[in-house]
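Have a look at the structure below before the remarks.
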Amino acid sequence: MKAKAQWGYDEDFMARCRAELTVTPWRIGSEHFRVAQCGQKIAGFSCVKVHEAKALLEHLVVDPDFAHLGVGHRLMSDLLEHARRHGIRLVHVEADPNAAGFYEREGFRQRGHVPSGSIAGRKLPLMELRF
């Protein structure tokens, strides 16, 4: 929530996103999670859901205290290495509009828009990376 709030979203917006952004023990056990640590602190994490040769990046989150230190790039590199090792040839992410530039720098291209799972009428950039 702290990472999402850094974009300046108001309390109502954040409250409506809470369920979609909540990571549950069930999700941790059923999806591919990676955690980036700096000392004893969690600096960020990624979560990907895989189906056949496709992956949906559910979360790539960097704690704002660790922003601009390469944590997001390292998490993405790890995720893409995992994808290649497991024969995944397509990675999608429904990006926060504020993060689209990050994904483009990582090699993703925008392929359209998808509806937000939390905010009615809001569209999110659909980013895609093919190997």
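If you're wondering about the labels, chains in the structure tokens are A, B, ... by order shown, residues count from 1 in each chain, ligands from 1 in order shown.
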
For this session: Run DSSP on the backbone and give me the residues of segment 6-119 of chain A it puts in helix (DSSP H, G or I), as an MDAnalysis selection string.
Result: chainID A and resid 11:21 25:30 64:66 71:85 97:105

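The shortest atom-to-atom distance to Ser46 of chain A, with only C-alpha atoms taken into account, belongs to A:Leu79 out of A:Leu129, A:Leu79, A:Ala3, A:Leu124.
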
For this session: Please provide the set of residues having any atom within 12 Å of Val23 of chain A, restricted to only C-alpha atoms, with same-chain residues fewer than 3 positions apart removed, written as a ChimeraX atom specification.
Result: /A:1,18-20,26-31,33,45-47,58-59,61

Exercise. Between A:Lys4, A:His92, A:Lys123, A:His73, which one has atoms that come closest to Thr22 of chain A, using only C-alpha atoms?
Worked result: A:Lys4

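Distances here use only C-alpha atoms; by that measure, the residue among A:Phe13, A:His86, A:Lys2, A:Asp96 closest to Ala120 of chain A is A:Phe13.
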
Exercise. So which residues touch Gln110 of chain A within 8 Å, counting only C-alpha atoms, skipping near sequence neighbours fewer than 3 positions away, as a ChimeraX atom specification?
Worked result: /A:104,125-128

Exercise. So which residues of chain A fall under strand (DSSP E) by DSSP, listed as a PyMOL selection string?
Worked result: chain A and resi 32-38+41-51+54-62+90-94+109-115+123-130

Exercise. Which neighbours of Phe102 of chain A fall inside 12 Å, counting only C-alpha atoms, when residues of the same chain fewer than 2 positions from it are skipped, and could you give them as a VMD selection string?
Worked result: chain A and resid 60 to 62 67 to 68 70 to 73 76 93 95 to 100 104 to 110 127

Output file for the residues above (N, CA and C atoms, as a PDB file, in the first residue's frame):
ATOM      1  N   LEU A  60       4.936  -6.119  -8.909  1.00  0.00           N
ATOM      2  CA  LEU A  60       6.349  -5.815  -8.791  1.00  0.00           C
ATOM      3  C   LEU A  60       6.376  -4.533  -7.975  1.00  0.00           C
ATOM      4  N   VAL A  61       6.741  -4.671  -6.720  1.00  0.00           N
ATOM      5  CA  VAL A  61       6.592  -3.599  -5.743  1.00  0.00           C
ATOM      6  C   VAL A  61       7.946  -3.287  -5.114  1.00  0.00           C
ATOM      7  N   VAL A  62       8.268  -2.014  -5.054  1.00  0.00           N
ATOM      8  CA  VAL A  62       9.483  -1.569  -4.375  1.00  0.00           C
ATOM      9  C   VAL A  62       9.066  -0.592  -3.287  1.00  0.00           C
ATOM     10  N   ALA A  67      13.524   3.118  -3.387  1.00  0.00           N
ATOM     11  CA  ALA A  67      13.316   3.518  -4.778  1.00  0.00           C
ATOM     12  C   ALA A  67      14.616   4.055  -5.380  1.00  0.00           C
ATOM     13  N   HIS A  68      14.753   3.821  -6.672  1.00  0.00           N
ATOM     14  CA  HIS A  68      15.885   4.342  -7.456  1.00  0.00           C
ATOM     15  C   HIS A  68      17.230   3.763  -7.039  1.00  0.00           C
ATOM     16  N   GLY A  70      17.788   0.364  -7.927  1.00  0.00           N
ATOM     17  CA  GLY A  70      17.929  -0.815  -8.780  1.00  0.00           C
ATOM     18  C   GLY A  70      17.176  -2.035  -8.295  1.00  0.00           C
ATOM     19  N   VAL A  71      16.391  -1.905  -7.231  1.00  0.00           N
ATOM     20  CA  VAL A  71      15.648  -3.053  -6.691  1.00  0.00           C
ATOM     21  C   VAL A  71      14.644  -3.571  -7.717  1.00  0.00           C
ATOM     22  N   GLY A  72      13.881  -2.676  -8.324  1.00  0.00           N
ATOM     23  CA  GLY A  72      12.891  -3.089  -9.324  1.00  0.00           C
ATOM     24  C   GLY A  72      13.551  -3.776 -10.504  1.00  0.00           C
ATOM     25  N   HIS A  73      14.656  -3.238 -10.970  1.00  0.00           N
ATOM     26  CA  HIS A  73      15.373  -3.852 -12.102  1.00  0.00           C
ATOM     27  C   HIS A  73      15.875  -5.245 -11.723  1.00  0.00           C
ATOM     28  N   MET A  76      12.974  -7.608 -11.670  1.00  0.00           N
ATOM     29  CA  MET A  76      12.555  -7.912 -13.041  1.00  0.00           C
ATOM     30  C   MET A  76      13.545  -8.860 -13.702  1.00  0.00           C
ATOM     31  N   VAL A  93       1.773  -7.565 -18.010  1.00  0.00           N
ATOM     32  CA  VAL A  93       1.532  -6.867 -16.746  1.00  0.00           C
ATOM     33  C   VAL A  93       0.486  -5.790 -16.998  1.00  0.00           C
ATOM     34  N   ALA A  95      -0.270  -2.627 -15.789  1.00  0.00           N
ATOM     35  CA  ALA A  95       0.569  -1.690 -15.048  1.00  0.00           C
ATOM     36  C   ALA A  95      -0.214  -0.510 -14.490  1.00  0.00           C
ATOM     37  N   ASP A  96       0.242  -0.033 -13.347  1.00  0.00           N
ATOM     38  CA  ASP A  96      -0.207   1.276 -12.899  1.00  0.00           C
ATOM     39  C   ASP A  96       0.297   2.263 -13.950  1.00  0.00           C
ATOM     40  N   PRO A  97      -0.525   3.213 -14.378  1.00  0.00           N
ATOM     41  CA  PRO A  97      -0.058   4.166 -15.399  1.00  0.00           C
ATOM     42  C   PRO A  97       1.241   4.879 -15.011  1.00  0.00           C
ATOM     43  N   ASN A  98       1.465   5.099 -13.737  1.00  0.00           N
ATOM     44  CA  ASN A  98       2.689   5.755 -13.285  1.00  0.00           C
ATOM     45  C   ASN A  98       3.921   4.875 -13.443  1.00  0.00           C
ATOM     46  N   ALA A  99       3.741   3.574 -13.580  1.00  0.00           N
ATOM     47  CA  ALA A  99       4.863   2.641 -13.689  1.00  0.00           C
ATOM     48  C   ALA A  99       5.129   2.192 -15.119  1.00  0.00           C
ATOM     49  N   ALA A 100       4.330   2.634 -16.079  1.00  0.00           N
ATOM     50  CA  ALA A 100       4.488   2.191 -17.464  1.00  0.00           C
ATOM     51  C   ALA A 100       5.892   2.488 -17.997  1.00  0.00           C
ATOM     52  N   GLU A 104       8.591  -0.082 -19.802  1.00  0.00           N
ATOM     53  CA  GLU A 104       9.173   0.191 -21.124  1.00  0.00           C
ATOM     54  C   GLU A 104      10.704   0.133 -21.057  1.00  0.00           C
ATOM     55  N   ARG A 105      11.297   0.692 -20.023  1.00  0.00           N
ATOM     56  CA  ARG A 105      12.758   0.631 -19.873  1.00  0.00           C
ATOM     57  C   ARG A 105      13.249  -0.804 -19.700  1.00  0.00           C
ATOM     58  N   GLU A 106      12.379  -1.672 -19.185  1.00  0.00           N
ATOM     59  CA  GLU A 106      12.735  -3.081 -19.000  1.00  0.00           C
ATOM     60  C   GLU A 106      12.465  -3.916 -20.254  1.00  0.00           C
ATOM     61  N   GLY A 107      11.986  -3.282 -21.322  1.00  0.00           N
ATOM     62  CA  GLY A 107      11.782  -3.985 -22.587  1.00  0.00           C
ATOM     63  C   GLY A 107      10.344  -4.294 -22.944  1.00  0.00           C
ATOM     64  N   PHE A 108       9.396  -3.954 -22.082  1.00  0.00           N
ATOM     65  CA  PHE A 108       7.979  -4.194 -22.355  1.00  0.00           C
ATOM     66  C   PHE A 108       7.457  -3.152 -23.338  1.00  0.00           C
ATOM     67  N   ARG A 109       6.402  -3.509 -24.050  1.00  0.00           N
ATOM     68  CA  ARG A 109       5.713  -2.593 -24.945  1.00  0.00           C
ATOM     69  C   ARG A 109       4.234  -2.590 -24.589  1.00  0.00           C
ATOM     70  N   GLN A 110       3.611  -1.440 -24.694  1.00  0.00           N
ATOM     71  CA  GLN A 110       2.181  -1.363 -24.404  1.00  0.00           C
ATOM     72  C   GLN A 110       1.403  -1.962 -25.559  1.00  0.00           C
ATOM     73  N   MET A 127       0.925  -4.112 -20.618  1.00  0.00           N
ATOM     74  CA  MET A 127       2.309  -4.166 -21.091  1.00  0.00           C
ATOM     75  C   MET A 127       2.653  -5.613 -21.384  1.00  0.00           C
TER      76      MET A 127
END

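Across A:Ala53, A:Gly39, A:Gly117, A:Trp7, the tightest approach to Arg85 of chain A is made by A:Ala53 when counting only C-alpha atoms.
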
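Take the candidates A:Leu75, A:Ala15, A:Val50, A:Ala55 and check each one against Gln37 of chain A using only C-alpha atoms; the shortest distance goes to A:Leu75.
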
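For the residues A:Met14, A:Val114, A:Leu80, A:Ile119, ranking by smallest atom-to-atom distance to Val48 of chain A using only C-alpha atoms places A:Leu80 first.
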